[in-house]
$ cat final-v8.cif   # mmCIF, C-alpha atoms, pLDDT in the B column; chains and numbers go by the auth columns
data_upload
#
loop_
_atom_site.group_PDB
_atom_site.id
_atom_site.type_symbol
_atom_site.label_atom_id
_atom_site.label_comp_id
_atom_site.label_asym_id
_atom_site.label_seq_id
_atom_site.Cartn_x
_atom_site.Cartn_y
_atom_site.Cartn_z
_atom_site.B_iso_or_equiv
_atom_site.auth_seq_id
_atom_site.auth_asym_id
ATOM 1 C CA MET A 1 -14.872 7.516 -12.221 76.00 1 A
ATOM 2 C CA GLN A 2 -13.589 11.105 -12.344 90.00 2 A
ATOM 3 C CA LYS A 3 -14.295 11.513 -8.624 92.00 3 A
ATOM 4 C CA THR A 4 -12.339 8.332 -7.912 93.00 4 A
ATOM 5 C CA LEU A 5 -9.370 9.527 -9.966 95.00 5 A
ATOM 6 C CA GLU A 6 -9.310 12.845 -8.113 96.00 6 A
ATOM 7 C CA GLN A 7 -9.528 11.114 -4.714 96.00 7 A
ATOM 8 C CA TYR A 8 -6.914 8.548 -5.748 97.00 8 A
ATOM 9 C CA ASP A 9 -4.513 11.236 -6.938 97.00 9 A
ATOM 10 C CA THR A 10 -4.993 13.295 -3.770 97.00 10 A
ATOM 11 C CA ILE A 11 -4.140 10.322 -1.574 97.00 11 A
ATOM 12 C CA THR A 12 -1.174 9.204 -3.643 98.00 12 A
ATOM 13 C CA GLN A 13 0.170 12.770 -3.612 98.00 13 A
ATOM 14 C CA GLU A 14 -0.039 12.817 0.202 97.00 14 A
ATOM 15 C CA CYS A 15 1.728 9.443 0.349 98.00 15 A
ATOM 16 C CA ARG A 16 4.410 10.641 -2.048 98.00 16 A
ATOM 17 C CA GLU A 17 5.003 13.810 -0.030 97.00 17 A
ATOM 18 C CA LEU A 18 5.525 11.720 3.108 97.00 18 A
ATOM 19 C CA PHE A 19 7.879 9.378 1.215 97.00 19 A
ATOM 20 C CA VAL A 20 9.918 12.354 -0.027 97.00 20 A
ATOM 21 C CA LYS A 21 10.111 13.937 3.443 97.00 21 A
ATOM 22 C CA LYS A 22 11.168 10.660 5.062 96.00 22 A
ATOM 23 C CA ASN A 23 13.733 10.207 2.303 95.00 23 A
ATOM 24 C CA LYS A 24 15.193 13.601 3.273 95.00 24 A
ATOM 25 C CA ASP A 25 15.275 12.567 6.944 96.00 25 A
ATOM 26 C CA TYR A 26 16.544 8.996 6.591 96.00 26 A
ATOM 27 C CA GLY A 27 17.735 8.556 3.023 94.00 27 A
ATOM 28 C CA THR A 28 16.925 5.129 1.651 95.00 28 A
ATOM 29 C CA ALA A 29 17.822 3.257 4.838 95.00 29 A
ATOM 30 C CA TRP A 30 14.853 0.964 4.079 95.00 30 A
ATOM 31 C CA ARG A 31 16.928 -0.530 1.265 96.00 31 A
ATOM 32 C CA ILE A 32 18.794 -2.624 3.849 95.00 32 A
ATOM 33 C CA LEU A 33 15.585 -4.627 4.342 94.00 33 A
ATOM 34 C CA ARG A 34 15.306 -7.864 2.462 91.00 34 A
ATOM 35 C CA PRO A 35 12.006 -8.354 0.595 90.00 35 A
ATOM 36 C CA ARG A 36 10.791 -10.737 3.320 93.00 36 A
ATOM 37 C CA SER A 37 11.391 -8.081 5.958 96.00 37 A
ATOM 38 C CA LEU A 38 9.353 -5.569 3.973 96.00 38 A
ATOM 39 C CA THR A 39 6.563 -8.157 3.759 96.00 39 A
ATOM 40 C CA ASP A 40 6.682 -8.595 7.523 97.00 40 A
ATOM 41 C CA GLN A 41 6.564 -4.809 8.019 97.00 41 A
ATOM 42 C CA LEU A 42 3.449 -4.705 5.848 98.00 42 A
ATOM 43 C CA PHE A 43 1.987 -7.616 7.802 97.00 43 A
ATOM 44 C CA ILE A 44 2.550 -5.791 11.120 96.00 44 A
ATOM 45 C CA LYS A 45 0.741 -2.708 9.823 96.00 45 A
ATOM 46 C CA ALA A 46 -2.223 -4.681 8.459 97.00 46 A
ATOM 47 C CA LYS A 47 -2.519 -6.762 11.651 97.00 47 A
ATOM 48 C CA ARG A 48 -2.546 -3.566 13.734 96.00 48 A
ATOM 49 C CA ILE A 49 -5.376 -2.160 11.615 96.00 49 A
ATOM 50 C CA ARG A 50 -7.348 -5.379 12.044 96.00 50 A
ATOM 51 C CA SER A 51 -6.688 -5.440 15.790 95.00 51 A
ATOM 52 C CA ILE A 52 -7.982 -1.882 16.169 94.00 52 A
ATOM 53 C CA GLU A 53 -11.025 -2.683 14.009 93.00 53 A
ATOM 54 C CA GLU A 54 -11.841 -5.693 16.188 94.00 54 A
ATOM 55 C CA LYS A 55 -11.131 -4.094 19.591 92.00 55 A
ATOM 56 C CA GLN A 56 -12.601 -0.741 18.529 87.00 56 A
ATOM 57 C CA GLU A 57 -9.985 1.053 20.573 84.00 57 A
ATOM 58 C CA GLN A 58 -6.321 1.832 20.303 83.00 58 A
ATOM 59 C CA LYS A 59 -3.648 2.661 22.843 85.00 59 A
ATOM 60 C CA VAL A 60 -0.931 3.942 20.487 85.00 60 A
ATOM 61 C CA GLY A 61 -1.520 7.312 18.880 81.00 61 A
ATOM 62 C CA ASP A 62 -0.722 6.384 15.265 84.00 62 A
ATOM 63 C CA SER A 63 -3.989 6.526 13.340 89.00 63 A
ATOM 64 C CA ILE A 64 -5.430 3.812 11.127 93.00 64 A
ATOM 65 C CA GLU A 65 -5.043 6.269 8.260 95.00 65 A
ATOM 66 C CA SER A 66 -1.304 6.479 8.891 95.00 66 A
ATOM 67 C CA GLU A 67 -1.106 2.671 8.832 96.00 67 A
ATOM 68 C CA PHE A 68 -2.875 2.547 5.453 97.00 68 A
ATOM 69 C CA ILE A 69 -0.427 5.184 4.170 97.00 69 A
ATOM 70 C CA GLY A 70 2.369 2.960 5.484 97.00 70 A
ATOM 71 C CA LEU A 71 0.910 0.016 3.575 98.00 71 A
ATOM 72 C CA ILE A 72 1.011 2.059 0.386 98.00 72 A
ATOM 73 C CA ASN A 73 4.540 3.362 0.848 98.00 73 A
ATOM 74 C CA TYR A 74 6.038 0.078 2.049 98.00 74 A
ATOM 75 C CA SER A 75 4.395 -1.733 -0.882 98.00 75 A
ATOM 76 C CA VAL A 76 6.051 0.725 -3.262 98.00 76 A
ATOM 77 C CA MET A 77 9.374 0.136 -1.478 97.00 77 A
ATOM 78 C CA ALA A 78 8.875 -3.623 -1.829 97.00 78 A
ATOM 79 C CA LEU A 79 8.269 -3.228 -5.561 97.00 79 A
ATOM 80 C CA MET A 80 11.455 -1.170 -5.840 96.00 80 A
ATOM 81 C CA GLN A 81 13.442 -3.811 -3.957 95.00 81 A
ATOM 82 C CA LEU A 82 12.093 -6.566 -6.213 93.00 82 A
ATOM 83 C CA HIS A 83 13.200 -4.816 -9.378 94.00 83 A
ATOM 84 C CA LEU A 84 16.418 -3.029 -8.486 94.00 84 A
ATOM 85 C CA PRO A 85 19.504 -4.964 -9.583 93.00 85 A
ATOM 86 C CA SER A 86 21.352 -6.636 -6.713 89.00 86 A
ATOM 87 C CA ASP A 87 24.395 -4.414 -7.243 92.00 87 A
ATOM 88 C CA THR A 88 22.394 -1.189 -6.783 93.00 88 A
ATOM 89 C CA PRO A 89 23.878 0.881 -3.934 93.00 89 A
ATOM 90 C CA LEU A 90 21.822 0.993 -0.724 93.00 90 A
ATOM 91 C CA GLU A 91 21.583 4.767 -0.866 95.00 91 A
ATOM 92 C CA LEU A 92 19.522 5.838 -3.854 95.00 92 A
ATOM 93 C CA ASP A 93 19.714 9.330 -5.237 93.00 93 A
ATOM 94 C CA SER A 94 16.539 11.123 -4.147 95.00 94 A
ATOM 95 C CA MET A 95 15.498 11.794 -7.766 96.00 95 A
ATOM 96 C CA LYS A 96 15.914 8.095 -8.601 96.00 96 A
ATOM 97 C CA ALA A 97 13.842 7.074 -5.567 96.00 97 A
ATOM 98 C CA GLU A 98 11.104 9.560 -6.470 97.00 98 A
ATOM 99 C CA THR A 99 11.078 8.439 -10.114 97.00 99 A
ATOM 100 C CA LEU A 100 10.721 4.811 -9.058 97.00 100 A
ATOM 101 C CA TYR A 101 7.997 5.779 -6.588 98.00 101 A
ATOM 102 C CA ASP A 102 6.058 7.502 -9.367 98.00 102 A
ATOM 103 C CA GLN A 103 6.557 4.518 -11.680 98.00 103 A
ATOM 104 C CA TYR A 104 5.010 2.014 -9.252 98.00 104 A
ATOM 105 C CA ILE A 105 2.196 4.315 -8.135 98.00 105 A
ATOM 106 C CA GLY A 106 1.494 4.823 -11.846 98.00 106 A
ATOM 107 C CA GLN A 107 1.281 1.051 -12.345 98.00 107 A
ATOM 108 C CA ALA A 108 -1.116 0.766 -9.396 98.00 108 A
ATOM 109 C CA ARG A 109 -3.252 3.604 -10.792 97.00 109 A
ATOM 110 C CA THR A 110 -3.470 1.968 -14.234 97.00 110 A
ATOM 111 C CA LEU A 111 -4.451 -1.330 -12.609 96.00 111 A
ATOM 112 C CA MET A 112 -7.102 0.452 -10.540 96.00 112 A
ATOM 113 C CA ILE A 113 -8.585 2.101 -13.632 95.00 113 A
ATOM 114 C CA ASN A 114 -8.764 -1.235 -15.462 95.00 114 A
ATOM 115 C CA LYS A 115 -10.271 -3.103 -12.524 94.00 115 A
ATOM 116 C CA ASN A 116 -12.739 -0.291 -11.780 92.00 116 A
ATOM 117 C CA HIS A 117 -13.903 -0.566 -15.388 90.00 117 A
ATOM 118 C CA ASP A 118 -14.530 -4.298 -15.063 93.00 118 A
ATOM 119 C CA TYR A 119 -15.863 -4.343 -11.482 93.00 119 A
ATOM 120 C CA GLY A 120 -17.861 -1.113 -11.580 90.00 120 A
ATOM 121 C CA GLU A 121 -16.238 0.416 -8.486 91.00 121 A
ATOM 122 C CA VAL A 122 -17.690 -2.294 -6.263 94.00 122 A
ATOM 123 C CA TRP A 123 -15.085 -1.372 -3.634 94.00 123 A
ATOM 124 C CA ARG A 124 -17.279 1.599 -2.736 94.00 124 A
ATOM 125 C CA GLU A 125 -19.840 -0.895 -1.396 93.00 125 A
ATOM 126 C CA MET A 126 -17.278 -2.881 0.593 94.00 126 A
ATOM 127 C CA ARG A 127 -16.527 -2.548 4.271 95.00 127 A
ATOM 128 C CA ILE A 128 -13.116 -1.182 5.241 96.00 128 A
ATOM 129 C CA SER A 129 -12.666 -4.259 7.438 96.00 129 A
ATOM 130 C CA SER A 130 -13.036 -6.447 4.335 97.00 130 A
ATOM 131 C CA MET A 131 -10.323 -4.450 2.608 97.00 131 A
ATOM 132 C CA THR A 132 -8.105 -5.023 5.639 97.00 132 A
ATOM 133 C CA ASP A 133 -8.792 -8.762 5.400 97.00 133 A
ATOM 134 C CA LEU A 134 -8.040 -8.780 1.668 97.00 134 A
ATOM 135 C CA ILE A 135 -4.740 -6.996 2.333 98.00 135 A
ATOM 136 C CA LEU A 136 -3.873 -9.619 4.956 98.00 136 A
ATOM 137 C CA MET A 137 -4.758 -12.392 2.498 97.00 137 A
ATOM 138 C CA LYS A 138 -2.502 -10.800 -0.137 96.00 138 A
ATOM 139 C CA LEU A 139 0.308 -10.662 2.427 97.00 139 A
ATOM 140 C CA LEU A 140 -0.135 -14.332 3.292 96.00 140 A
ATOM 141 C CA ARG A 141 0.035 -15.095 -0.432 95.00 141 A
ATOM 142 C CA ILE A 142 3.214 -13.032 -0.737 95.00 142 A
ATOM 143 C CA LYS A 143 4.757 -14.896 2.201 95.00 143 A
ATOM 144 C CA GLN A 144 3.922 -18.227 0.558 94.00 144 A
ATOM 145 C CA ILE A 145 5.373 -17.104 -2.775 93.00 145 A
ATOM 146 C CA GLU A 146 8.511 -15.930 -0.965 93.00 146 A
ATOM 147 C CA ASP A 147 8.731 -19.320 0.780 92.00 147 A
ATOM 148 C CA ASN A 148 8.507 -20.900 -2.706 90.00 148 A
ATOM 149 C CA ASP A 149 11.464 -18.786 -3.886 84.00 149 A
ATOM 150 C CA GLY A 150 9.167 -16.534 -5.917 80.00 150 A
ATOM 151 C CA LYS A 151 7.774 -19.348 -8.047 80.00 151 A
ATOM 152 C CA THR A 152 4.083 -19.848 -8.762 79.00 152 A
ATOM 153 C CA LEU A 153 2.349 -22.433 -10.906 81.00 153 A
ATOM 154 C CA VAL A 154 -0.809 -20.604 -11.944 79.00 154 A
ATOM 155 C CA SER A 155 -1.091 -17.643 -9.590 82.00 155 A
ATOM 156 C CA GLU A 156 -0.227 -13.972 -9.870 84.00 156 A
ATOM 157 C CA GLY A 157 3.249 -13.086 -8.743 87.00 157 A
ATOM 158 C CA LEU A 158 4.543 -10.739 -6.093 93.00 158 A
ATOM 159 C CA ASP A 159 4.056 -7.565 -8.152 94.00 159 A
ATOM 160 C CA ALA A 160 0.319 -8.110 -8.609 94.00 160 A
ATOM 161 C CA ASN A 161 -0.188 -8.674 -4.895 96.00 161 A
ATOM 162 C CA TYR A 162 1.754 -5.547 -3.890 97.00 162 A
ATOM 163 C CA LEU A 163 -0.192 -3.480 -6.446 97.00 163 A
ATOM 164 C CA ASP A 164 -3.481 -4.823 -5.067 97.00 164 A
ATOM 165 C CA ILE A 165 -2.392 -3.911 -1.520 98.00 165 A
ATOM 166 C CA ILE A 166 -1.682 -0.357 -2.682 98.00 166 A
ATOM 167 C CA ASN A 167 -5.124 -0.081 -4.254 97.00 167 A
ATOM 168 C CA TYR A 168 -7.052 -1.601 -1.329 98.00 168 A
ATOM 169 C CA ALA A 169 -5.240 0.747 1.063 98.00 169 A
ATOM 170 C CA ILE A 170 -6.109 3.735 -1.136 98.00 170 A
ATOM 171 C CA PHE A 171 -9.749 2.621 -1.335 97.00 171 A
ATOM 172 C CA ALA A 172 -9.848 2.336 2.469 97.00 172 A
ATOM 173 C CA LEU A 173 -8.403 5.836 2.807 97.00 173 A
ATOM 174 C CA ILE A 174 -10.980 7.208 0.367 97.00 174 A
ATOM 175 C CA GLN A 175 -13.767 5.625 2.400 96.00 175 A
ATOM 176 C CA LEU A 176 -12.320 6.858 5.708 95.00 176 A
ATOM 177 C CA THR A 177 -12.095 10.386 4.267 94.00 177 A
ATOM 178 C CA GLU A 178 -15.688 10.234 3.045 92.00 178 A
ATOM 179 C CA GLN A 179 -16.904 8.952 6.425 88.00 179 A
ATOM 180 C CA LYS A 180 -15.285 11.918 8.187 84.00 180 A
ATOM 181 C CA GLN A 181 -16.965 14.333 5.785 77.00 181 A
ATOM 182 C CA ILE A 182 -20.448 12.864 6.438 70.00 182 A
ATOM 183 C CA LYS A 183 -20.490 13.400 10.197 59.00 183 A
ATOM 184 C CA PRO A 184 -24.045 13.874 11.460 56.00 184 A
ATOM 185 C CA ASN A 185 -24.851 17.220 13.068 53.00 185 A
ATOM 186 C CA SER A 186 -24.925 17.026 16.842 42.00 186 A
#

$ encode --input "final-v8.cif" --output "structure tokens"
Amino acid sequence: MQKTLEQYDTITQECRELFVKKNKDYGTAWRILRPRSLTDQLFIKAKRIRSIEEKQEQKVGDSIESEFIGLINYSVMALMQLHLPSDTPLELDSMKAETLYDQYIGQARTLMINKNHDYGEVWREMRISSMTDLILMKLLRIKQIEDNDGKTLVSEGLDANYLDIINYAIFALIQLTEQKQIKPNS
């Protein structure tokens, strides 16, 4: 589990650094997006990953890794949007945005630790393509919950699905990193 925590923290630090840099470039322009639009942005990224996995080629230079990072950061943004009061200004102070980012990544990390305890890190035996499919399933669930005005009868809510997307994307990035490190000698 220690190895997982180190890998998890390395990836979330890279994601955070990108979030901070983009915040310096653009501010919190993403705050104009309604939650449904953030869901659709996540859906686009996940569908692109699946398309590349199925076609085994890509014509746009953005890597699959960058799409998984996008899934993580947009999921954090979606969590922020869900919980910020409606009268919050569109432009967040950079310290506030970073604090909120850390809060939601922290929630995802705690969830990962708890699930890894119960499931025994089974994600390490999963295919990345299955993680992509699970992310897409979570997004379809989110879309249905949004269509139901956020109400569920017995199912997890939006937060749980966004947190799961963050963790599946991090697991995929860990596996992609490990695959690159195990290149056979040619």

$ atom_distance --input "final-v8.cif" --atom1 "CA of Gly120 (chain A)" --atom2 "CA of Leu176 (chain A)"
19.8 Å

$ atom_distance --input "final-v8.cif" --atom1 "CA of Ile166 (chain A)" --atom2 "CA of Ile72 (chain A)"
4.7 Å

$ resolve_selection --input "final-v8.cif" --expression "the PyMOL selection byres ((chain A and resi 123) around 12)" --output "PyMOL selection string"
chain A and resi 4+112+115-122+124-131+134+167-175

$ axis_aligned_box --input "final-v8.cif" --around "region 152-155 of chain A" --padding-each-side "4 Å" --output "AutoDock Vina command-line options"
--center_x 1.5 --center_y -20.0 --center_z -10.4 --size_x 13.2 --size_y 12.8 --size_z 11.2

$ residues_near_point --input "final-v8.cif" --point "(6.1, 3.3, -6.6)" --cutoff "9 Å" --atoms "only C-alpha atoms" --output "list in words"
Arg16, Ile72, Asn73, Ser75, Val76, Met77, Ala78, Leu79, Met80, Ala97, Glu98, Thr99, Leu100, Tyr101, Asp102, Gln103, Tyr104, Ile105, Gly106, Gln107 and Ala108 of chain A

$ closest_residue --input "final-v8.cif" --among "A:Glu146, A:Asp9, A:Glu53, A:Asp159" --to "Arg34 (chain A)" --atoms "all atoms listed in the file"
A:Glu146

$ resolve_selection --input "final-v8.cif" --expression "the PyMOL selection byres ((chain A and resi 158) around 10)" --output "PyMOL selection string"
chain A and resi 78-79+82+138-139+141-143+145-146+150-152+155-157+159-163

$ closest_residue --input "final-v8.cif" --among "A:Leu140, A:Ile32, A:Leu153, A:Cys15" --to "Gly70 (chain A)" --atoms "all atoms listed in the file"
A:Cys15

$ atom_distance --input "final-v8.cif" --atom1 "CA of Asp40 (chain A)" --atom2 "CA of Glu67 (chain A)"
13.8 Å

$ resolve_selection --input "final-v8.cif" --expression "the PyMOL selection byres ((chain A and resi 63) around 12)" --output "MDAnalysis selection string"
chainID A and resid 45 48:49 52:53 57:62 64:70 173 176

$ closest_residue --input "final-v8.cif" --among "A:Tyr26, A:Asp149, A:Pro35, A:Met137" --to "His83 (chain A)" --atoms "all atoms listed in the file"
A:Pro35

$ closest_residue --input "final-v8.cif" --among "A:Ser51, A:Ser86, A:Thr12, A:Gln2" --to "Asp133 (chain A)" --atoms "only C-alpha atoms"
A:Ser51

$ residues_around --input "final-v8.cif" --residues "Ser94 (chain A)" --least-positions-apart "5" --cutoff "10 Å" --atoms "all atoms listed in the file" --output "number ranges by chain"
A: 20, 23-24, 27-28, 99-100

$ closest_residue --input "final-v8.cif" --among "A:Leu18, A:Asn148, A:Gln56, A:Ile165" --to "Arg109 (chain A)" --atoms "all atoms listed in the file"
A:Ile165
